[in-house]
>>> print(open('structure_5.json').read())   # JSON, C-alpha atoms
[["chain", "number", "residue", "atom", "x", "y", "z"],
["A", 25, "MET", "CA", -166.55, -16.34, -59.05],
["A", 26, "GLY", "CA", -167.40, -13.10, -57.29],
["A", 27, "TYR", "CA", -171.05, -12.19, -56.93],
["A", 28, "THR", "CA", -172.42, -8.65, -56.79],
["A", 29, "VAL", "CA", -176.07, -7.93, -56.10],
["A", 30, "GLY", "CA", -177.79, -6.78, -59.29],
["A", 31, "ASP", "CA", -175.37, -8.42, -61.71],
["A", 32, "VAL", "CA", -176.94, -10.46, -64.50],
["A", 33, "ILE", "CA", -174.79, -13.59, -64.58],
["A", 34, "ALA", "CA", -176.58, -15.41, -67.39],
["A", 35, "GLU", "CA", -179.24, -14.87, -69.99],
["A", 36, "ARG", "CA", -180.45, -17.18, -72.72],
["A", 37, "THR", "CA", -183.45, -18.04, -74.85],
["A", 38, "VAL", "CA", -184.11, -21.76, -75.32],
["A", 39, "HIS", "CA", -186.29, -22.92, -78.20],
["A", 40, "LEU", "CA", -188.59, -25.85, -77.46],
["A", 41, "THR", "CA", -190.26, -28.02, -80.08],
["A", 42, "ARG", "CA", -192.71, -30.88, -79.86],
["A", 43, "GLU", "CA", -189.70, -33.14, -80.40],
["A", 44, "SER", "CA", -188.13, -31.60, -77.26],
["A", 45, "LEU", "CA", -191.21, -32.66, -75.31],
["A", 46, "VAL", "CA", -191.16, -36.21, -76.65],
["A", 47, "ARG", "CA", -187.47, -36.55, -75.81],
["A", 48, "TYR", "CA", -188.06, -35.21, -72.29],
["A", 49, "ALA", "CA", -191.01, -37.58, -71.81],
["A", 50, "GLY", "CA", -188.76, -40.50, -72.71],
["A", 51, "ALA", "CA", -186.00, -39.36, -70.37],
["A", 52, "SER", "CA", -188.31, -38.55, -67.46],
["A", 53, "GLY", "CA", -190.95, -41.21, -67.86],
["A", 54, "ASP", "CA", -193.69, -38.54, -67.83],
["A", 55, "PHE", "CA", -195.92, -39.62, -70.72],
["A", 56, "ASN", "CA", -198.97, -37.57, -69.78],
["A", 57, "PRO", "CA", -200.60, -36.95, -73.18],
["A", 58, "ILE", "CA", -201.13, -33.22, -72.44],
["A", 59, "HIS", "CA", -197.43, -32.94, -73.31],
["A", 60, "TYR", "CA", -197.76, -34.30, -76.85],
["A", 61, "ARG", "CA", -201.41, -34.60, -77.97],
["A", 62, "ASP", "CA", -203.45, -31.55, -78.97],
["A", 63, "ASP", "CA", -206.77, -33.40, -78.70],
["A", 64, "VAL", "CA", -206.12, -34.49, -75.11],
["A", 65, "ALA", "CA", -204.87, -31.03, -74.08],
["A", 66, "ALA", "CA", -208.02, -29.45, -75.57],
["A", 67, "SER", "CA", -210.30, -32.03, -73.92],
["A", 68, "VAL", "CA", -209.10, -30.97, -70.47],
["A", 69, "GLY", "CA", -209.38, -27.25, -71.25],
["A", 70, "LEU", "CA", -205.73, -26.43, -71.91],
["A", 71, "PRO", "CA", -204.73, -23.84, -74.52],
["A", 72, "GLY", "CA", -202.51, -26.41, -76.26],
["A", 73, "VAL", "CA", -199.80, -28.96, -75.65],
["A", 74, "LEU", "CA", -197.74, -27.91, -72.64],
["A", 75, "ALA", "CA", -194.07, -28.27, -71.87],
["A", 76, "HIS", "CA", -193.43, -30.34, -68.76],
["A", 77, "GLY", "CA", -193.05, -28.14, -65.68],
["A", 78, "MET", "CA", -189.92, -29.99, -64.63],
["A", 79, "LEU", "CA", -188.45, -29.45, -68.11],
["A", 80, "THR", "CA", -189.06, -25.72, -67.76],
["A", 81, "MET", "CA", -187.51, -25.77, -64.28],
["A", 82, "GLY", "CA", -184.51, -27.76, -65.52],
["A", 83, "ILE", "CA", -183.88, -25.45, -68.45],
["A", 84, "ALA", "CA", -183.97, -22.43, -66.14],
["A", 85, "SER", "CA", -181.38, -23.91, -63.77],
["A", 86, "SER", "CA", -179.18, -25.08, -66.65],
["A", 87, "VAL", "CA", -178.75, -21.48, -67.80],
["A", 88, "VAL", "CA", -177.25, -20.62, -64.39],
["A", 89, "VAL", "CA", -175.18, -23.80, -64.13],
["A", 90, "ALA", "CA", -173.60, -23.13, -67.53],
["A", 91, "ALA", "CA", -172.44, -19.71, -66.27],
["A", 92, "LEU", "CA", -170.90, -20.98, -63.02],
["A", 93, "GLU", "CA", -167.29, -21.94, -62.54],
["A", 94, "PRO", "CA", -166.54, -25.66, -62.69],
["A", 95, "GLY", "CA", -167.01, -27.21, -59.25],
["A", 96, "ALA", "CA", -169.48, -24.58, -58.05],
["A", 97, "LYS", "CA", -171.81, -26.02, -55.43],
["A", 98, "ILE", "CA", -175.54, -25.47, -55.73],
["A", 99, "LEU", "CA", -177.10, -25.48, -52.26],
["A", 100, "ASP", "CA", -180.77, -25.40, -53.22],
["A", 101, "TYR", "CA", -183.19, -24.51, -55.97],
["A", 102, "GLY", "CA", -186.90, -23.90, -55.96],
["A", 103, "VAL", "CA", -189.64, -22.41, -58.12],
["A", 104, "ARG", "CA", -193.39, -21.89, -58.23],
["A", 105, "PHE", "CA", -195.15, -22.66, -61.49],
["A", 106, "THR", "CA", -197.55, -19.90, -62.57],
["A", 107, "LYS", "CA", -198.25, -20.10, -66.31],
["A", 108, "PRO", "CA", -197.98, -22.92, -68.83],
["A", 109, "VAL", "CA", -195.54, -22.99, -71.72],
["A", 110, "VAL", "CA", -197.64, -23.86, -74.78],
["A", 111, "VAL", "CA", -195.54, -25.50, -77.48],
["A", 112, "ASP", "CA", -196.99, -24.84, -80.92],
["A", 113, "PRO", "CA", -196.71, -27.80, -83.33],
["A", 114, "GLU", "CA", -195.21, -25.60, -86.06],
["A", 115, "THR", "CA", -193.35, -22.76, -84.35],
["A", 116, "GLY", "CA", -192.52, -24.30, -80.96],
["A", 117, "ALA", "CA", -191.96, -22.02, -78.00],
["A", 118, "ASP", "CA", -189.15, -19.75, -76.84],
["A", 119, "LEU", "CA", -188.37, -19.82, -73.13],
["A", 120, "HIS", "CA", -186.35, -16.81, -71.98],
["A", 121, "VAL", "CA", -184.23, -17.07, -68.82],
["A", 122, "SER", "CA", -182.38, -14.26, -67.08],
["A", 123, "ALA", "CA", -180.37, -14.88, -63.91],
["A", 124, "THR", "CA", -179.54, -11.99, -61.57],
["A", 125, "VAL", "CA", -177.69, -11.98, -58.27],
["A", 126, "GLY", "CA", -180.31, -11.13, -55.64],
["A", 127, "VAL", "CA", -178.53, -11.55, -52.30],
["A", 128, "VAL", "CA", -175.01, -12.37, -51.19],
["A", 129, "ASP", "CA", -174.03, -13.33, -47.65],
["A", 130, "GLU", "CA", -171.03, -15.03, -46.08],
["A", 131, "THR", "CA", -171.97, -18.51, -47.27],
["A", 132, "ALA", "CA", -174.07, -18.19, -50.42],
["A", 133, "ALA", "CA", -175.30, -16.12, -53.31],
["A", 134, "ARG", "CA", -178.99, -16.24, -54.19],
["A", 135, "ILE", "CA", -179.55, -16.14, -57.91],
["A", 136, "ASP", "CA", -183.00, -14.92, -58.95],
["A", 137, "LEU", "CA", -184.30, -16.27, -62.23],
["A", 138, "LYS", "CA", -186.80, -14.50, -64.45],
["A", 139, "VAL", "CA", -188.36, -17.11, -66.71],
["A", 140, "THR", "CA", -190.77, -15.98, -69.41],
["A", 141, "PHE", "CA", -192.65, -17.37, -72.37],
["A", 142, "ASP", "CA", -194.52, -15.11, -74.76],
["A", 143, "GLU", "CA", -193.80, -12.15, -72.43],
["A", 144, "ALA", "CA", -195.55, -13.85, -69.47],
["A", 145, "THR", "CA", -193.67, -15.01, -66.36],
["A", 146, "VAL", "CA", -193.99, -18.79, -66.12],
["A", 147, "LEU", "CA", -191.98, -19.39, -62.93],
["A", 148, "VAL", "CA", -192.04, -17.19, -59.84],
["A", 149, "LYS", "CA", -189.85, -17.31, -56.76],
["A", 150, "ALA", "CA", -187.37, -19.08, -59.01],
["A", 151, "GLN", "CA", -184.26, -18.93, -56.86],
["A", 152, "LEU", "CA", -181.05, -20.89, -56.86],
["A", 153, "ARG", "CA", -178.46, -20.61, -54.09],
["A", 154, "VAL", "CA", -174.78, -21.14, -54.80],
["A", 155, "ALA", "CA", -172.05, -21.56, -52.18],
["A", 156, "VAL", "CA", -169.52, -18.71, -52.13]]
>>> encode(input="structure_5.json", output="structure tokens")
Amino acid sequence: MGYTVGDVIAERTVHLTRESLVRYAGASGDFNPIHYRDDVAASVGLPGVLAHGMLTMGIASSVVVAALEPGAKILDYGVRFTKPVVVDPETGADLHVSATVGVVDETAARIDLKVTFDEATVLVKAQLRVAV
């Protein structure tokens, strides 16, 4: 796969539900009740039940991975968490991911991810490097 700075290589909106959070809790072992109980989230001052940060991070990277050629090698991936993803019990939450080529050198392409929920950026410095 050739990489050109500025190219959007993937874009997708992923819908999360409370069921998504329960399934992720079971898979990850993270059963913190702020991820499934409104009363607990409210008692600690949160705006609602939150998606797991690692779930958000995993979804963002999966959008890129799905767009890569089979056998592509991911060299590293990192993010900073800035805003929570509040998952409404009725309507859920839509997480939008856009992946753009930021830098290309002789060994790797840096893919910059823009990850938003409700028009707010929820991950910053979300960058994934792929071997070229």
>>> closest_residue(input="structure_5.json", among="A:Val89, A:Val146, A:Val64, A:Ala155", to="Ala123 of chain A", atoms="all atoms listed in the file")
A:Val89
>>> residues_around(input="structure_5.json", residues="Val46 of chain A", least_positions_apart="2", cutoff="12 Å", atoms="all atoms listed in the file", output="ChimeraX atom specification")
/A:40-44,48-61,73-76,79,111
>>> residues_around(input="structure_5.json", residues="Ile98 of chain A", least_positions_apart="5", cutoff="8 Å", atoms="all atoms listed in the file", output="PDB file with C-alpha atoms, in the coordinates of the input")
ATOM      1  CA  LEU A 152    -181.050 -20.890 -56.860  1.00  0.00           C
ATOM      2  CA  ARG A 153    -178.460 -20.610 -54.090  1.00  0.00           C
ATOM      3  CA  VAL A 154    -174.780 -21.140 -54.800  1.00  0.00           C
ATOM      4  CA  ALA A 155    -172.050 -21.560 -52.180  1.00  0.00           C
TER       5      ALA A 155
END
>>> closest_residue(input="structure_5.json", among="A:Gly102, A:Ala132, A:Asp142, A:Thr28", to="Met81 of chain A", atoms="all atoms listed in the file")
A:Gly102
>>> closest_residue(input="structure_5.json", among="A:Val68, A:Tyr27, A:Leu119, A:Ala144", to="Val87 of chain A", atoms="all atoms listed in the file")
A:Leu119
